[in-house]
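Chemist: One structure follows; several queries about it will come next.
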Amino acid sequence: QVQLVESGGGLVQPGDSLTLSCAGSRVTLDDYNIGWFRQAPGKEREGISCISSGSNNSTTYYRDSVKGRVTISRDNAKNKVYLQMSNVEPEDTAVYYCAAQGFPVCSRRTILAPLYDYWGQGTQVTVSS
């Protein structure tokens, strides 16, 4: 079955940078709209960024709260999608998930958790001094 596996989380200090990875198994990530979500304790899961399928030019979307600090990208040779985060803040503390959606175009309207078909198990990011 399709598997998505996130990695790269951990404990970082405010202002640091980190890169999260989403690796696909039995799925070609370039064929899918891949989203990154996060869920902080006591809060709903929110979509922060997504990237359209390669056939849709891998267009990207960023939530306003992370715009300018986050970059989503693909490495098709490795079948991975990355989320680069810079200047992290304590408010970025959450479990981060990647997900794949069959509808290939990423946008503000499609980065909704119920629309995503496959999910990883999540990776914890804690921002603290």
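Chain labels run A, B, ... following the order of the structure tokens; each chain numbers its residues from 1, and ligands are numbered from 1 in the order shown.
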Fewer than 6 positions away in the same chain doesn't count, so skip those; otherwise give me all residues within 12 Å of Lys67 of chain A, counting only C-alpha atoms, as an MDAnalysis selection string.
Modeler: chainID A and resid 48:50 60:61 84:88
Chemist: With N, CA, C and O atoms retained, write the just-selected residues as a PDB file, in the first residue's frame.
Modeler:
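Once written, result39.pdb looks like this:
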ATOM      1  N   ILE A  48      -0.150  24.105   5.566  1.00  0.00           N
ATOM      2  CA  ILE A  48       0.738  25.248   5.493  1.00  0.00           C
ATOM      3  C   ILE A  48       1.366  25.429   4.114  1.00  0.00           C
ATOM      4  O   ILE A  48       1.754  26.548   3.758  1.00  0.00           O
ATOM      5  N   SER A  49       1.462  24.360   3.353  1.00  0.00           N
ATOM      6  CA  SER A  49       2.060  24.483   2.033  1.00  0.00           C
ATOM      7  C   SER A  49       1.706  23.252   1.207  1.00  0.00           C
ATOM      8  O   SER A  49       1.467  22.171   1.756  1.00  0.00           O
ATOM      9  N   CYS A  50       1.648  23.442  -0.098  1.00  0.00           N
ATOM     10  CA  CYS A  50       1.432  22.299  -0.981  1.00  0.00           C
ATOM     11  C   CYS A  50       2.108  22.560  -2.315  1.00  0.00           C
ATOM     12  O   CYS A  50       2.467  23.708  -2.629  1.00  0.00           O
ATOM     13  N   THR A  60       3.054  26.052  -6.393  1.00  0.00           N
ATOM     14  CA  THR A  60       3.085  25.970  -4.941  1.00  0.00           C
ATOM     15  C   THR A  60       2.112  26.944  -4.284  1.00  0.00           C
ATOM     16  O   THR A  60       1.698  27.949  -4.884  1.00  0.00           O
ATOM     17  N   TYR A  61       1.795  26.630  -3.049  1.00  0.00           N
ATOM     18  CA  TYR A  61       0.957  27.496  -2.225  1.00  0.00           C
ATOM     19  C   TYR A  61       1.571  27.531  -0.830  1.00  0.00           C
ATOM     20  O   TYR A  61       2.089  26.514  -0.342  1.00  0.00           O
ATOM     21  N   GLN A  84      11.390  23.211   3.594  1.00  0.00           N
ATOM     22  CA  GLN A  84      12.474  23.938   4.242  1.00  0.00           C
ATOM     23  C   GLN A  84      11.871  25.071   5.065  1.00  0.00           C
ATOM     24  O   GLN A  84      11.084  25.862   4.553  1.00  0.00           O
ATOM     25  N   MET A  85      12.269  25.127   6.317  1.00  0.00           N
ATOM     26  CA  MET A  85      11.763  26.152   7.226  1.00  0.00           C
ATOM     27  C   MET A  85      12.942  26.968   7.743  1.00  0.00           C
ATOM     28  O   MET A  85      13.954  26.401   8.157  1.00  0.00           O
ATOM     29  N   SER A  86      12.803  28.264   7.730  1.00  0.00           N
ATOM     30  CA  SER A  86      13.857  29.127   8.242  1.00  0.00           C
ATOM     31  C   SER A  86      13.271  30.057   9.299  1.00  0.00           C
ATOM     32  O   SER A  86      12.059  30.274   9.362  1.00  0.00           O
ATOM     33  N   ASN A  87      14.172  30.593  10.127  1.00  0.00           N
ATOM     34  CA  ASN A  87      13.767  31.528  11.169  1.00  0.00           C
ATOM     35  C   ASN A  87      12.560  30.997  11.950  1.00  0.00           C
ATOM     36  O   ASN A  87      11.554  31.695  12.127  1.00  0.00           O
ATOM     37  N   VAL A  88      12.677  29.768  12.409  1.00  0.00           N
ATOM     38  CA  VAL A  88      11.528  29.148  13.079  1.00  0.00           C
ATOM     39  C   VAL A  88      11.201  29.881  14.373  1.00  0.00           C
ATOM     40  O   VAL A  88      12.074  30.514  14.998  1.00  0.00           O
TER      41      VAL A  88
END
Chemist: List the neighbours of Lys78 of chain A out to 12 Å using only C-alpha atoms; skip same-chain residues closer than 5 positions along the sequence, and give me the result as a ChimeraX atom specification.
Modeler: /A:21-25,27-30,73
Chemist: Find the residue from A:Gly120, A:Arg26, A:Ile51, A:Val66 that sits nearest to Asp92 of chain A; use only C-alpha atoms when measuring.
Modeler: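 Checking each candidate against Asp92 of chain A, we get A:Val66 as the closest.
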Chemist: If we count only C-alpha atoms and set the cut-off at 12 Å, which residues sit around Gln124 of chain A, ignoring sequence neighbours fewer than 4 positions away in its own chain? Please answer as a PyMOL selection string.
Modeler: chain A and resi 6-12+20+37-41+92-97
Chemist: Under the rule that only C-alpha atoms are counted, which of A:Arg69, A:Lys80, A:Arg74, A:Arg108 is the nearest residue to Gly47 of chain A?
Modeler: A:Arg108
Chemist: Go through A:Asp75, A:Glu46, A:Asp117, A:Asp31 and flag the residue nearest Arg63 of chain A, using only C-alpha atoms for the distances.
Modeler: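 For Arg63 of chain A, the nearest of the given residues is A:Glu46.
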Chemist: Would you please extract all helix (DSSP H, G or I) residues from segment 9-71 of chain A, as assigned by DSSP on the backbone, and give them as a PyMOL selection string?
Modeler: chain A and resi 29-31+54-56
Chemist: Store the residues picked out above, limited to N, CA, C and O atoms, as a JSON list (two decimals), in the first residue's frame.
Modeler:
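Result went into again-v6.json, see below:
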[["chain", "number", "residue", "atom", "x", "y", "z"],
["A", 29, "LEU", "N", 5.49, 10.42, -6.06],
["A", 29, "LEU", "CA", 5.01, 11.67, -5.49],
["A", 29, "LEU", "C", 4.81, 12.74, -6.56],
["A", 29, "LEU", "O", 3.96, 13.62, -6.40],
["A", 30, "ASP", "N", 5.56, 12.67, -7.65],
["A", 30, "ASP", "CA", 5.43, 13.68, -8.70],
["A", 30, "ASP", "C", 4.06, 13.64, -9.36],
["A", 30, "ASP", "O", 3.65, 14.61, -10.01],
["A", 31, "ASP", "N", 3.33, 12.54, -9.19],
["A", 31, "ASP", "CA", 2.00, 12.42, -9.79],
["A", 31, "ASP", "C", 0.91, 13.04, -8.92],
["A", 31, "ASP", "O", -0.25, 13.12, -9.35],
["A", 54, "GLY", "N", 3.83, 17.29, -10.96],
["A", 54, "GLY", "CA", 4.77, 17.76, -11.96],
["A", 54, "GLY", "C", 4.10, 18.15, -13.26],
["A", 54, "GLY", "O", 4.50, 19.12, -13.92],
["A", 55, "SER", "N", 3.06, 17.42, -13.64],
["A", 55, "SER", "CA", 2.35, 17.73, -14.88],
["A", 55, "SER", "C", 1.58, 19.05, -14.77],
["A", 55, "SER", "O", 1.12, 19.57, -15.79],
["A", 56, "ASN", "N", 1.44, 19.55, -13.58],
["A", 56, "ASN", "CA", 0.82, 20.86, -13.34],
["A", 56, "ASN", "C", 1.87, 21.85, -12.87],
["A", 56, "ASN", "O", 1.57, 22.76, -12.09]]
Chemist: Going by DSSP on the backbone, which bits of chain A are strand (DSSP E)? Write them as a VMD selection string, please.
Modeler: chain A and resid 3 to 7 10 to 12 18 to 25 33 to 39 46 to 51 60 to 62 70 to 75 80 to 85 94 to 101 118 to 119 123 to 127
Chemist: Given only C-alpha atoms as the basis, pick out the residue of A:Gln3, A:Ser52, A:Ser17, A:Ser128 nearest to Ile111 of chain A.
Modeler: A:Ser52
Chemist: From the options A:Val5, A:Ser58, A:Arg45, A:Tyr82, which residue's atoms come nearest to Leu112 of chain A, counting only C-alpha atoms?
Modeler: A:Arg45
Chemist: Nearest to Thr71 of chain A: which of A:Pro114, A:Gly35, A:Pro104, A:Gly42 is it, counting only C-alpha atoms?
Modeler: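 Of A:Pro114, A:Gly35, A:Pro104, A:Gly42, the one nearest Thr71 of chain A, counting only C-alpha atoms, is A:Gly35.
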